[in-house]
Amino acid sequence: MHVLILVTGAAGFIGFHTSKRLLDGGESVVGIDNLNPYYDPRLKEARLNQLRTSRAFTFVHGDIGDTDAIQDLFSEYEPKRVVHLAAQAGVRYSVENPYAYIDSNILGFQNILEGCRHNGVEHLVFASTSSVYGLNTRQPFSEHAAVDHPVSLYGATKIANEMMAHSYAHLYGLPVTGLRFFTVYGPWGRPDMALFKFTKGILADEPIPVYNEGRMVRDFTYIDDIVEGVVRILDVIPKPNPDWNSDDPDPATSSAPYRIYNIGNNRPVELLTYISVLEKTLGKKAKLDLMPMQLGDVPSTMADVRDLEKATGFRPNTTVEEGIDRFVKWYREYYRV
């Protein structure tokens with residue numbers, strides 16, 4: 001059986017939406033996920049059930065940290081393209097459980113790189129994050145700026161992924177593209193993320209945790225915009241940049257087939273504004289539990305997406321009003337509230 005595209009983390013939030021979009025576009029997808037209990041596995045199963053309605057979808061229950069399993073996966077299915085979205089996510093959780101990030105984000109990614117290298121994969125697209133910008137406060141964040149001051153282990157593992165990917169592009173000519181996602185939200189989202197927690201809390205009349213007393217600005221990016229960027233970039237296979245200068249190295253491109261792009265809404269929103277949009281959508285006021293800044297967090301994010309637009313002709317454009325409305329509709333239907 002020949003499958004064209006491998007999606008890792010296929011039962012996850014972004015992996016599910018990406019797989020669905022590829023299947024709707026007529027592609028064949030093999031998805032792998034370990035269905036770990038970082039959050040309610042029933043939500044992951046419900047996402048998978050949606051994907052299983054397509055005959056072009058094959059699911060493999062496995063862990064990217066399992067070297068033998070990943071070797072077997074690549075040799076059995078021979079994917080031509082790989083969208084690597086499996087990772088241990090979450091900034092705050094990386095403070096409590098650092099080893100989970102090394103197993104999944106470092107060892108797991110190494111296994112994917114080796115699988116791509118030995119099986120003639122024509123393009124590896126992998127998830128990075130706005131968390132790589134760390135202490136950098138010059139905004140909008142540019143892919144052409146150095147990222148060497150992470151403030152969380154999660155961010156550090158994603159910087160490591162970018163470096164590992166570059167070494168494989170350089171050594172073996174493997175075409176790789178890293179995508180730095182900015183605060184993704186939307187239907188089927190992760191329960192540990194702000195919008196999910198806020199919605200649940202407001203509907204239950206419980207106080208919602210608001211970090212840095214609400215003095216936070218985020219480049220909230222709707223899931224469909226993220227997926228549009230991923231799917232378009234999959235067709236933009238990187239080539240070595242002939243203008244790359246080793247005396248003045250540009251971090252976003254290379255003399256190897258390697259590129260880095262931001263995917264963000266490019267319209268940052270204050271956290272308290274985001275909450276007030278949610279209050280209007282739910283028709284209910286929130287009780288705010290104002291808390292200090294969390295370890296590993298940053299006060300503000302904003303993406304420069306000019307490179308993405310130049311490469312694909314697309315820039316994210318969903319407003320938080322539209323995005324929150326769609327999330328709330330899904331939430332009420334899924335949880336019957």
# chains A, B, ... in the order shown; residues from 1 in each chain; ligands from 1
>>> residues_around(residues="A:Leu278", least_positions_apart="5", cutoff="10 Å", atoms="only C-alpha atoms", output="list in words")
Leu195, Phe198, Thr199, Ile202, Leu272, Thr273, Gly283, Lys284, Lys285, Ala286, Val320, Glu321, Ile324, Asp325, Phe327 and Val328 of chain A
>>> closest_atom_pairs(of="stretch 196-306 of chain A", to="stretch 160-174 of chain A", cutoff="8 Å", atoms="only C-alpha atoms", output="JSON lines")
{"residue": "A:Ser255", "atom": "CA", "partner": "A:His170", "partner_atom": "CA", "distance": 7.7}
{"residue": "A:Ala256", "atom": "CA", "partner": "A:His170", "partner_atom": "CA", "distance": 4.9}
{"residue": "A:Pro257", "atom": "CA", "partner": "A:Ala169", "partner_atom": "CA", "distance": 5.7}
{"residue": "A:Tyr258", "atom": "CA", "partner": "A:Ala169", "partner_atom": "CA", "distance": 6.2}
>>> select_by_dssp(residues="stretch 104-329 of chain A", states="strand (DSSP E or B)", output="PDB file with all heavy atoms, in the first residue's frame")
ATOM      1  N   HIS A 123      10.095  16.207   0.790  1.00  0.00           N
ATOM      2  CA  HIS A 123       9.929  17.435   1.587  1.00  0.00           C
ATOM      3  C   HIS A 123       9.443  17.090   2.985  1.00  0.00           C
ATOM      4  O   HIS A 123       8.439  16.400   3.147  1.00  0.00           O
ATOM      5  CB  HIS A 123       8.913  18.382   0.921  1.00  0.00           C
ATOM      6  CG  HIS A 123       8.930  19.779   1.474  1.00  0.00           C
ATOM      7  ND1 HIS A 123       7.962  20.716   1.176  1.00  0.00           N
ATOM      8  CD2 HIS A 123       9.799  20.410   2.316  1.00  0.00           C
ATOM      9  CE1 HIS A 123       8.226  21.865   1.792  1.00  0.00           C
ATOM     10  NE2 HIS A 123       9.346  21.699   2.494  1.00  0.00           N
ATOM     11  N   LEU A 124      10.172  17.554   3.987  1.00  0.00           N
ATOM     12  CA  LEU A 124       9.750  17.450   5.389  1.00  0.00           C
ATOM     13  C   LEU A 124       9.354  18.848   5.865  1.00  0.00           C
ATOM     14  O   LEU A 124      10.167  19.774   5.830  1.00  0.00           O
ATOM     15  CB  LEU A 124      10.899  16.915   6.257  1.00  0.00           C
ATOM     16  CG  LEU A 124      10.749  17.094   7.782  1.00  0.00           C
ATOM     17  CD1 LEU A 124       9.547  16.335   8.323  1.00  0.00           C
ATOM     18  CD2 LEU A 124      12.023  16.659   8.519  1.00  0.00           C
ATOM     19  N   VAL A 125       8.094  18.984   6.278  1.00  0.00           N
ATOM     20  CA  VAL A 125       7.611  20.231   6.874  1.00  0.00           C
ATOM     21  C   VAL A 125       7.369  19.940   8.352  1.00  0.00           C
ATOM     22  O   VAL A 125       6.691  18.965   8.687  1.00  0.00           O
ATOM     23  CB  VAL A 125       6.305  20.706   6.196  1.00  0.00           C
ATOM     24  CG1 VAL A 125       5.724  21.918   6.923  1.00  0.00           C
ATOM     25  CG2 VAL A 125       6.560  21.037   4.731  1.00  0.00           C
ATOM     26  N   PHE A 126       7.966  20.751   9.245  1.00  0.00           N
ATOM     27  CA  PHE A 126       7.817  20.451  10.665  1.00  0.00           C
ATOM     28  C   PHE A 126       7.362  21.680  11.449  1.00  0.00           C
ATOM     29  O   PHE A 126       7.610  22.823  11.048  1.00  0.00           O
ATOM     30  CB  PHE A 126       9.123  19.889  11.250  1.00  0.00           C
ATOM     31  CG  PHE A 126      10.259  20.876  11.327  1.00  0.00           C
ATOM     32  CD1 PHE A 126      10.512  21.587  12.496  1.00  0.00           C
ATOM     33  CD2 PHE A 126      11.085  21.104  10.228  1.00  0.00           C
ATOM     34  CE1 PHE A 126      11.563  22.498  12.569  1.00  0.00           C
ATOM     35  CE2 PHE A 126      12.128  22.009  10.286  1.00  0.00           C
ATOM     36  CZ  PHE A 126      12.371  22.714  11.467  1.00  0.00           C
ATOM     37  N   ALA A 127       6.700  21.415  12.564  1.00  0.00           N
ATOM     38  CA  ALA A 127       6.179  22.483  13.409  1.00  0.00           C
ATOM     39  C   ALA A 127       7.261  23.033  14.316  1.00  0.00           C
ATOM     40  O   ALA A 127       7.884  22.290  15.076  1.00  0.00           O
ATOM     41  CB  ALA A 127       5.015  21.960  14.254  1.00  0.00           C
ATOM     42  N   SER A 128       7.479  24.337  14.231  1.00  0.00           N
ATOM     43  CA  SER A 128       8.235  25.050  15.247  1.00  0.00           C
ATOM     44  C   SER A 128       7.232  25.952  15.970  1.00  0.00           C
ATOM     45  O   SER A 128       6.033  25.703  15.918  1.00  0.00           O
ATOM     46  CB  SER A 128       9.397  25.818  14.619  1.00  0.00           C
ATOM     47  OG  SER A 128      10.235  26.353  15.641  1.00  0.00           O
ATOM     48  N   THR A 129       7.701  26.990  16.630  1.00  0.00           N
ATOM     49  CA  THR A 129       6.797  27.766  17.488  1.00  0.00           C
ATOM     50  C   THR A 129       7.317  29.181  17.687  1.00  0.00           C
ATOM     51  O   THR A 129       8.532  29.422  17.616  1.00  0.00           O
ATOM     52  CB  THR A 129       6.675  27.088  18.870  1.00  0.00           C
ATOM     53  OG1 THR A 129       5.965  27.951  19.770  1.00  0.00           O
ATOM     54  CG2 THR A 129       8.032  26.805  19.496  1.00  0.00           C
ATOM     55  N   PHE A 141       8.133  39.744  15.221  1.00  0.00           N
ATOM     56  CA  PHE A 141       9.219  38.781  15.210  1.00  0.00           C
ATOM     57  C   PHE A 141       9.554  38.394  13.762  1.00  0.00           C
ATOM     58  O   PHE A 141       8.665  38.040  12.992  1.00  0.00           O
ATOM     59  CB  PHE A 141       8.829  37.515  15.976  1.00  0.00           C
ATOM     60  CG  PHE A 141       8.708  37.700  17.459  1.00  0.00           C
ATOM     61  CD1 PHE A 141       7.719  37.013  18.173  1.00  0.00           C
ATOM     62  CD2 PHE A 141       9.572  38.517  18.169  1.00  0.00           C
ATOM     63  CE1 PHE A 141       7.606  37.154  19.548  1.00  0.00           C
ATOM     64  CE2 PHE A 141       9.463  38.660  19.547  1.00  0.00           C
ATOM     65  CZ  PHE A 141       8.470  37.980  20.242  1.00  0.00           C
ATOM     66  N   VAL A 176      13.919  20.655   3.904  1.00  0.00           N
ATOM     67  CA  VAL A 176      13.138  20.808   5.135  1.00  0.00           C
ATOM     68  C   VAL A 176      12.653  22.250   5.307  1.00  0.00           C
ATOM     69  O   VAL A 176      13.375  23.198   5.007  1.00  0.00           O
ATOM     70  CB  VAL A 176      13.932  20.416   6.411  1.00  0.00           C
ATOM     71  CG1 VAL A 176      14.044  18.925   6.564  1.00  0.00           C
ATOM     72  CG2 VAL A 176      15.294  21.059   6.450  1.00  0.00           C
ATOM     73  N   THR A 177      11.425  22.362   5.812  1.00  0.00           N
ATOM     74  CA  THR A 177      10.848  23.675   6.107  1.00  0.00           C
ATOM     75  C   THR A 177      10.276  23.655   7.521  1.00  0.00           C
ATOM     76  O   THR A 177       9.495  22.757   7.855  1.00  0.00           O
ATOM     77  CB  THR A 177       9.721  24.022   5.109  1.00  0.00           C
ATOM     78  OG1 THR A 177      10.247  23.994   3.776  1.00  0.00           O
ATOM     79  CG2 THR A 177       9.149  25.401   5.409  1.00  0.00           C
ATOM     80  N   GLY A 178      10.692  24.624   8.321  1.00  0.00           N
ATOM     81  CA  GLY A 178      10.159  24.762   9.679  1.00  0.00           C
ATOM     82  C   GLY A 178       9.143  25.896   9.724  1.00  0.00           C
ATOM     83  O   GLY A 178       9.364  26.962   9.142  1.00  0.00           O
ATOM     84  N   LEU A 179       8.019  25.659  10.386  1.00  0.00           N
ATOM     85  CA  LEU A 179       6.948  26.654  10.481  1.00  0.00           C
ATOM     86  C   LEU A 179       6.749  27.062  11.935  1.00  0.00           C
ATOM     87  O   LEU A 179       6.422  26.218  12.782  1.00  0.00           O
ATOM     88  CB  LEU A 179       5.644  26.082   9.922  1.00  0.00           C
ATOM     89  CG  LEU A 179       5.692  25.659   8.450  1.00  0.00           C
ATOM     90  CD1 LEU A 179       4.380  25.002   8.044  1.00  0.00           C
ATOM     91  CD2 LEU A 179       5.997  26.841   7.554  1.00  0.00           C
ATOM     92  N   ARG A 180       6.968  28.342  12.226  1.00  0.00           N
ATOM     93  CA  ARG A 180       6.787  28.842  13.591  1.00  0.00           C
ATOM     94  C   ARG A 180       5.345  29.291  13.777  1.00  0.00           C
ATOM     95  O   ARG A 180       4.935  30.337  13.273  1.00  0.00           O
ATOM     96  CB  ARG A 180       7.762  29.992  13.852  1.00  0.00           C
ATOM     97  CG  ARG A 180       9.219  29.536  13.860  1.00  0.00           C
ATOM     98  CD  ARG A 180      10.169  30.713  13.968  1.00  0.00           C
ATOM     99  NE  ARG A 180      11.572  30.273  13.978  1.00  0.00           N
ATOM    100  CZ  ARG A 180      12.612  31.074  13.797  1.00  0.00           C
ATOM    101  NH1 ARG A 180      12.420  32.381  13.593  1.00  0.00           N
ATOM    102  NH2 ARG A 180      13.841  30.597  13.838  1.00  0.00           N
ATOM    103  N   PHE A 181       4.584  28.476  14.491  1.00  0.00           N
ATOM    104  CA  PHE A 181       3.168  28.762  14.733  1.00  0.00           C
ATOM    105  C   PHE A 181       3.006  29.758  15.880  1.00  0.00           C
ATOM    106  O   PHE A 181       3.703  29.644  16.895  1.00  0.00           O
ATOM    107  CB  PHE A 181       2.403  27.490  15.097  1.00  0.00           C
ATOM    108  CG  PHE A 181       2.406  26.415  14.044  1.00  0.00           C
ATOM    109  CD1 PHE A 181       2.347  25.076  14.409  1.00  0.00           C
ATOM    110  CD2 PHE A 181       2.461  26.722  12.693  1.00  0.00           C
ATOM    111  CE1 PHE A 181       2.337  24.064  13.455  1.00  0.00           C
ATOM    112  CE2 PHE A 181       2.462  25.721  11.722  1.00  0.00           C
ATOM    113  CZ  PHE A 181       2.392  24.386  12.110  1.00  0.00           C
ATOM    114  N   VAL A 184      -2.162  29.168  18.332  1.00  0.00           N
ATOM    115  CA  VAL A 184      -3.210  28.600  17.482  1.00  0.00           C
ATOM    116  C   VAL A 184      -4.463  28.300  18.321  1.00  0.00           C
ATOM    117  O   VAL A 184      -4.355  27.805  19.447  1.00  0.00           O
ATOM    118  CB  VAL A 184      -2.711  27.293  16.823  1.00  0.00           C
ATOM    119  CG1 VAL A 184      -3.672  26.842  15.735  1.00  0.00           C
ATOM    120  CG2 VAL A 184      -1.304  27.474  16.251  1.00  0.00           C
ATOM    121  N   TYR A 185      -5.635  28.605  17.758  1.00  0.00           N
ATOM    122  CA  TYR A 185      -6.890  28.322  18.465  1.00  0.00           C
ATOM    123  C   TYR A 185      -7.958  27.943  17.442  1.00  0.00           C
ATOM    124  O   TYR A 185      -7.801  28.192  16.244  1.00  0.00           O
ATOM    125  CB  TYR A 185      -7.335  29.548  19.276  1.00  0.00           C
ATOM    126  CG  TYR A 185      -7.882  30.677  18.425  1.00  0.00           C
ATOM    127  CD1 TYR A 185      -9.251  30.874  18.277  1.00  0.00           C
ATOM    128  CD2 TYR A 185      -7.020  31.522  17.714  1.00  0.00           C
ATOM    129  CE1 TYR A 185      -9.753  31.890  17.468  1.00  0.00           C
ATOM    130  CE2 TYR A 185      -7.516  32.539  16.907  1.00  0.00           C
ATOM    131  CZ  TYR A 185      -8.879  32.721  16.778  1.00  0.00           C
ATOM    132  OH  TYR A 185      -9.369  33.709  15.968  1.00  0.00           O
ATOM    133  N   ILE A 208     -11.627  32.394  35.864  1.00  0.00           N
ATOM    134  CA  ILE A 208     -10.662  31.933  34.858  1.00  0.00           C
ATOM    135  C   ILE A 208      -9.291  32.544  35.152  1.00  0.00           C
ATOM    136  O   ILE A 208      -9.193  33.707  35.535  1.00  0.00           O
ATOM    137  CB  ILE A 208     -11.127  32.267  33.417  1.00  0.00           C
ATOM    138  CG1 ILE A 208     -11.277  33.779  33.206  1.00  0.00           C
ATOM    139  CG2 ILE A 208     -12.428  31.548  33.093  1.00  0.00           C
ATOM    140  CD1 ILE A 208     -11.556  34.175  31.766  1.00  0.00           C
ATOM    141  N   PRO A 209      -8.207  31.740  35.000  1.00  0.00           N
ATOM    142  CA  PRO A 209      -6.865  32.248  35.307  1.00  0.00           C
ATOM    143  C   PRO A 209      -6.373  33.200  34.219  1.00  0.00           C
ATOM    144  O   PRO A 209      -6.327  32.835  33.044  1.00  0.00           O
ATOM    145  CB  PRO A 209      -6.009  30.971  35.337  1.00  0.00           C
ATOM    146  CG  PRO A 209      -6.725  30.004  34.455  1.00  0.00           C
ATOM    147  CD  PRO A 209      -8.188  30.346  34.522  1.00  0.00           C
ATOM    148  N   VAL A 210      -6.036  34.428  34.612  1.00  0.00           N
ATOM    149  CA  VAL A 210      -5.557  35.430  33.654  1.00  0.00           C
ATOM    150  C   VAL A 210      -4.154  35.842  34.081  1.00  0.00           C
ATOM    151  O   VAL A 210      -3.967  36.541  35.078  1.00  0.00           O
ATOM    152  CB  VAL A 210      -6.505  36.648  33.611  1.00  0.00           C
ATOM    153  CG1 VAL A 210      -6.001  37.678  32.606  1.00  0.00           C
ATOM    154  CG2 VAL A 210      -7.921  36.206  33.252  1.00  0.00           C
ATOM    155  N   VAL A 217      -0.206  40.299  25.272  1.00  0.00           N
ATOM    156  CA  VAL A 217      -0.629  40.517  23.888  1.00  0.00           C
ATOM    157  C   VAL A 217      -0.221  39.271  23.099  1.00  0.00           C
ATOM    158  O   VAL A 217       0.910  38.794  23.227  1.00  0.00           O
ATOM    159  CB  VAL A 217       0.052  41.772  23.302  1.00  0.00           C
ATOM    160  CG1 VAL A 217      -0.315  41.944  21.829  1.00  0.00           C
ATOM    161  CG2 VAL A 217      -0.337  43.013  24.090  1.00  0.00           C
ATOM    162  N   ARG A 218      -1.176  38.729  22.326  1.00  0.00           N
ATOM    163  CA  ARG A 218      -0.884  37.507  21.574  1.00  0.00           C
ATOM    164  C   ARG A 218      -1.328  37.638  20.126  1.00  0.00           C
ATOM    165  O   ARG A 218      -2.351  38.240  19.824  1.00  0.00           O
ATOM    166  CB  ARG A 218      -1.618  36.299  22.203  1.00  0.00           C
ATOM    167  CG  ARG A 218      -0.984  35.760  23.487  1.00  0.00           C
ATOM    168  CD  ARG A 218       0.326  35.069  23.204  1.00  0.00           C
ATOM    169  NE  ARG A 218       0.968  34.567  24.404  1.00  0.00           N
ATOM    170  CZ  ARG A 218       1.813  35.251  25.156  1.00  0.00           C
ATOM    171  NH1 ARG A 218       2.127  36.488  24.835  1.00  0.00           N
ATOM    172  NH2 ARG A 218       2.371  34.713  26.223  1.00  0.00           N
ATOM    173  N   THR A 221      -3.899  32.984  16.236  1.00  0.00           N
ATOM    174  CA  THR A 221      -3.998  32.558  14.837  1.00  0.00           C
ATOM    175  C   THR A 221      -4.995  31.413  14.707  1.00  0.00           C
ATOM    176  O   THR A 221      -4.851  30.378  15.363  1.00  0.00           O
ATOM    177  CB  THR A 221      -2.616  32.126  14.308  1.00  0.00           C
ATOM    178  OG1 THR A 221      -1.654  33.153  14.622  1.00  0.00           O
ATOM    179  CG2 THR A 221      -2.647  31.930  12.802  1.00  0.00           C
ATOM    180  N   TYR A 222      -6.000  31.620  13.870  1.00  0.00           N
ATOM    181  CA  TYR A 222      -7.079  30.634  13.723  1.00  0.00           C
ATOM    182  C   TYR A 222      -6.581  29.392  12.985  1.00  0.00           C
ATOM    183  O   TYR A 222      -5.801  29.478  12.033  1.00  0.00           O
ATOM    184  CB  TYR A 222      -8.264  31.273  12.982  1.00  0.00           C
ATOM    185  CG  TYR A 222      -9.483  30.395  12.956  1.00  0.00           C
ATOM    186  CD1 TYR A 222     -10.163  30.059  14.129  1.00  0.00           C
ATOM    187  CD2 TYR A 222      -9.962  29.866  11.755  1.00  0.00           C
ATOM    188  CE1 TYR A 222     -11.280  29.239  14.105  1.00  0.00           C
ATOM    189  CE2 TYR A 222     -11.084  29.052  11.721  1.00  0.00           C
ATOM    190  CZ  TYR A 222     -11.730  28.741  12.906  1.00  0.00           C
ATOM    191  OH  TYR A 222     -12.835  27.925  12.887  1.00  0.00           O
ATOM    192  N   TYR A 258      16.728  24.562   2.899  1.00  0.00           N
ATOM    193  CA  TYR A 258      16.187  24.773   4.251  1.00  0.00           C
ATOM    194  C   TYR A 258      15.520  26.136   4.326  1.00  0.00           C
ATOM    195  O   TYR A 258      16.084  27.128   3.848  1.00  0.00           O
ATOM    196  CB  TYR A 258      17.362  24.695   5.228  1.00  0.00           C
ATOM    197  CG  TYR A 258      17.080  25.098   6.662  1.00  0.00           C
ATOM    198  CD1 TYR A 258      16.605  24.177   7.587  1.00  0.00           C
ATOM    199  CD2 TYR A 258      17.350  26.402   7.105  1.00  0.00           C
ATOM    200  CE1 TYR A 258      16.384  24.545   8.916  1.00  0.00           C
ATOM    201  CE2 TYR A 258      17.140  26.767   8.426  1.00  0.00           C
ATOM    202  CZ  TYR A 258      16.646  25.827   9.328  1.00  0.00           C
ATOM    203  OH  TYR A 258      16.442  26.187  10.638  1.00  0.00           O
ATOM    204  N   ARG A 259      14.311  26.205   4.901  1.00  0.00           N
ATOM    205  CA  ARG A 259      13.618  27.481   5.092  1.00  0.00           C
ATOM    206  C   ARG A 259      12.875  27.479   6.422  1.00  0.00           C
ATOM    207  O   ARG A 259      12.426  26.433   6.892  1.00  0.00           O
ATOM    208  CB  ARG A 259      12.576  27.718   3.984  1.00  0.00           C
ATOM    209  CG  ARG A 259      13.142  28.005   2.611  1.00  0.00           C
ATOM    210  CD  ARG A 259      13.827  29.361   2.528  1.00  0.00           C
ATOM    211  NE  ARG A 259      14.313  29.632   1.181  1.00  0.00           N
ATOM    212  CZ  ARG A 259      15.412  29.117   0.657  1.00  0.00           C
ATOM    213  NH1 ARG A 259      16.177  28.276   1.357  1.00  0.00           N
ATOM    214  NH2 ARG A 259      15.779  29.429  -0.571  1.00  0.00           N
ATOM    215  N   ILE A 260      12.747  28.671   6.981  1.00  0.00           N
ATOM    216  CA  ILE A 260      11.932  28.878   8.187  1.00  0.00           C
ATOM    217  C   ILE A 260      10.916  29.975   7.874  1.00  0.00           C
ATOM    218  O   ILE A 260      11.263  31.006   7.289  1.00  0.00           O
ATOM    219  CB  ILE A 260      12.804  29.331   9.378  1.00  0.00           C
ATOM    220  CG1 ILE A 260      13.804  28.237   9.796  1.00  0.00           C
ATOM    221  CG2 ILE A 260      11.936  29.737  10.571  1.00  0.00           C
ATOM    222  CD1 ILE A 260      13.198  27.030  10.474  1.00  0.00           C
ATOM    223  N   TYR A 261       9.647  29.739   8.262  1.00  0.00           N
ATOM    224  CA  TYR A 261       8.595  30.746   8.080  1.00  0.00           C
ATOM    225  C   TYR A 261       7.778  30.909   9.365  1.00  0.00           C
ATOM    226  O   TYR A 261       7.521  29.922  10.072  1.00  0.00           O
ATOM    227  CB  TYR A 261       7.609  30.336   6.980  1.00  0.00           C
ATOM    228  CG  TYR A 261       8.201  30.220   5.605  1.00  0.00           C
ATOM    229  CD1 TYR A 261       8.579  28.968   5.098  1.00  0.00           C
ATOM    230  CD2 TYR A 261       8.372  31.334   4.783  1.00  0.00           C
ATOM    231  CE1 TYR A 261       9.121  28.845   3.826  1.00  0.00           C
ATOM    232  CE2 TYR A 261       8.915  31.224   3.503  1.00  0.00           C
ATOM    233  CZ  TYR A 261       9.286  29.969   3.040  1.00  0.00           C
ATOM    234  OH  TYR A 261       9.823  29.839   1.781  1.00  0.00           O
ATOM    235  N   ASN A 262       7.338  32.133   9.623  1.00  0.00           N
ATOM    236  CA  ASN A 262       6.321  32.384  10.650  1.00  0.00           C
ATOM    237  C   ASN A 262       4.943  32.142  10.046  1.00  0.00           C
ATOM    238  O   ASN A 262       4.708  32.484   8.883  1.00  0.00           O
ATOM    239  CB  ASN A 262       6.343  33.861  11.086  1.00  0.00           C
ATOM    240  CG  ASN A 262       7.561  34.230  11.916  1.00  0.00           C
ATOM    241  OD1 ASN A 262       8.114  33.403  12.640  1.00  0.00           O
ATOM    242  ND2 ASN A 262       7.974  35.494  11.827  1.00  0.00           N
ATOM    243  N   ILE A 263       4.030  31.586  10.858  1.00  0.00           N
ATOM    244  CA  ILE A 263       2.605  31.624  10.501  1.00  0.00           C
ATOM    245  C   ILE A 263       1.868  32.217  11.694  1.00  0.00           C
ATOM    246  O   ILE A 263       1.688  31.560  12.728  1.00  0.00           O
ATOM    247  CB  ILE A 263       2.011  30.240  10.171  1.00  0.00           C
ATOM    248  CG1 ILE A 263       2.783  29.531   9.058  1.00  0.00           C
ATOM    249  CG2 ILE A 263       0.554  30.402   9.745  1.00  0.00           C
ATOM    250  CD1 ILE A 263       2.112  28.276   8.535  1.00  0.00           C
ATOM    251  N   VAL A 269      -3.615  40.818  19.626  1.00  0.00           N
ATOM    252  CA  VAL A 269      -4.794  41.220  20.399  1.00  0.00           C
ATOM    253  C   VAL A 269      -4.448  41.143  21.881  1.00  0.00           C
ATOM    254  O   VAL A 269      -3.810  40.185  22.324  1.00  0.00           O
ATOM    255  CB  VAL A 269      -5.977  40.267  20.077  1.00  0.00           C
ATOM    256  CG1 VAL A 269      -7.176  40.558  20.955  1.00  0.00           C
ATOM    257  CG2 VAL A 269      -6.361  40.365  18.600  1.00  0.00           C
ATOM    258  N   GLU A 270      -4.881  42.143  22.642  1.00  0.00           N
ATOM    259  CA  GLU A 270      -4.674  42.097  24.091  1.00  0.00           C
ATOM    260  C   GLU A 270      -5.530  40.987  24.682  1.00  0.00           C
ATOM    261  O   GLU A 270      -6.677  40.779  24.256  1.00  0.00           O
ATOM    262  CB  GLU A 270      -5.026  43.446  24.714  1.00  0.00           C
ATOM    263  CG  GLU A 270      -4.021  44.526  24.374  1.00  0.00           C
ATOM    264  CD  GLU A 270      -4.328  45.860  25.046  1.00  0.00           C
ATOM    265  OE1 GLU A 270      -5.383  45.965  25.714  1.00  0.00           O
ATOM    266  OE2 GLU A 270      -3.511  46.777  24.887  1.00  0.00           O
ATOM    267  N   LEU A 288     -12.641  37.025  36.578  1.00  0.00           N
ATOM    268  CA  LEU A 288     -11.208  36.970  36.304  1.00  0.00           C
ATOM    269  C   LEU A 288     -10.401  36.698  37.567  1.00  0.00           C
ATOM    270  O   LEU A 288     -10.579  37.369  38.583  1.00  0.00           O
ATOM    271  CB  LEU A 288     -10.730  38.286  35.683  1.00  0.00           C
ATOM    272  CG  LEU A 288     -11.473  38.778  34.431  1.00  0.00           C
ATOM    273  CD1 LEU A 288     -10.828  40.053  33.899  1.00  0.00           C
ATOM    274  CD2 LEU A 288     -11.504  37.711  33.345  1.00  0.00           C
ATOM    275  N   ASP A 289      -9.533  35.701  37.486  1.00  0.00           N
ATOM    276  CA  ASP A 289      -8.584  35.432  38.568  1.00  0.00           C
ATOM    277  C   ASP A 289      -7.228  35.958  38.089  1.00  0.00           C
ATOM    278  O   ASP A 289      -6.496  35.280  37.369  1.00  0.00           O
ATOM    279  CB  ASP A 289      -8.529  33.917  38.835  1.00  0.00           C
ATOM    280  CG  ASP A 289      -7.542  33.554  39.934  1.00  0.00           C
ATOM    281  OD1 ASP A 289      -7.073  34.485  40.636  1.00  0.00           O
ATOM    282  OD2 ASP A 289      -7.226  32.355  40.075  1.00  0.00           O
ATOM    283  N   LEU A 290      -6.933  37.228  38.436  1.00  0.00           N
ATOM    284  CA  LEU A 290      -5.711  37.874  37.941  1.00  0.00           C
ATOM    285  C   LEU A 290      -4.487  37.302  38.648  1.00  0.00           C
ATOM    286  O   LEU A 290      -4.395  37.329  39.864  1.00  0.00           O
ATOM    287  CB  LEU A 290      -5.806  39.387  38.147  1.00  0.00           C
ATOM    288  CG  LEU A 290      -6.971  40.064  37.414  1.00  0.00           C
ATOM    289  CD1 LEU A 290      -7.031  41.548  37.747  1.00  0.00           C
ATOM    290  CD2 LEU A 290      -6.874  39.874  35.903  1.00  0.00           C
ATOM    291  N   SER A 300       4.379  39.337  25.093  1.00  0.00           N
ATOM    292  CA  SER A 300       3.834  39.767  23.807  1.00  0.00           C
ATOM    293  C   SER A 300       4.408  38.969  22.644  1.00  0.00           C
ATOM    294  O   SER A 300       5.589  38.613  22.659  1.00  0.00           O
ATOM    295  CB  SER A 300       4.158  41.258  23.617  1.00  0.00           C
ATOM    296  OG  SER A 300       3.795  41.698  22.345  1.00  0.00           O
ATOM    297  N   ALA A 303       3.809  38.199  14.703  1.00  0.00           N
ATOM    298  CA  ALA A 303       4.548  37.571  13.600  1.00  0.00           C
ATOM    299  C   ALA A 303       4.702  38.504  12.416  1.00  0.00           C
ATOM    300  O   ALA A 303       3.749  39.161  12.008  1.00  0.00           O
ATOM    301  CB  ALA A 303       3.810  36.314  13.147  1.00  0.00           C
TER     302      ALA A 303
END
>>> residues_around(residues="A:Val151", least_positions_apart="3", cutoff="12 Å", atoms="only C-alpha atoms", output="list in words")
Val91, Arg92, Ser94, Val95, Ser130, Ser131, Val132, Tyr133, Gly134, Leu135, Asn136, Val147, Asp148, Tyr154, Gly155, Ala156, Thr157, Lys158, Ile159, Gln294, Leu295, Gly296, Asp297, Val298 and Pro299 of chain A
>>> closest_residue(among="A:Phe196, A:Phe13, A:Phe182, A:Phe57", to="A:Ala86", atoms="only C-alpha atoms")
A:Phe13
>>> residues_around(residues="A:Asn36", least_positions_apart="4", cutoff="12 Å", atoms="only C-alpha atoms", output="PyMOL selection string")
chain A and resi 9+11-12+32+40-45+61-64+86-89+100+104
>>> select_by_dssp(residues="stretch 7-185 of chain A", states="alpha helix (DSSP H)", output="PyMOL selection string")
chain A and resi 13-24+41-51+67-77+91-96+98-101+108-118+153-172
>>> atom_distance(atom1="atom CA of A:Leu6", atom2="atom CA of A:Asp235")
14.4 Å
>>> atom_distance(atom1="atom CA of A:Trp244", atom2="atom CA of A:Pro175")
16.0 Å
>>> closest_residue(among="A:Pro187, A:Thr67, A:Arg81, A:His149", to="A:Phe109", atoms="only C-alpha atoms")
A:Thr67
>>> atom_distance(atom1="atom CA of A:Gly186", atom2="atom CA of A:Gly201")
16.8 Å
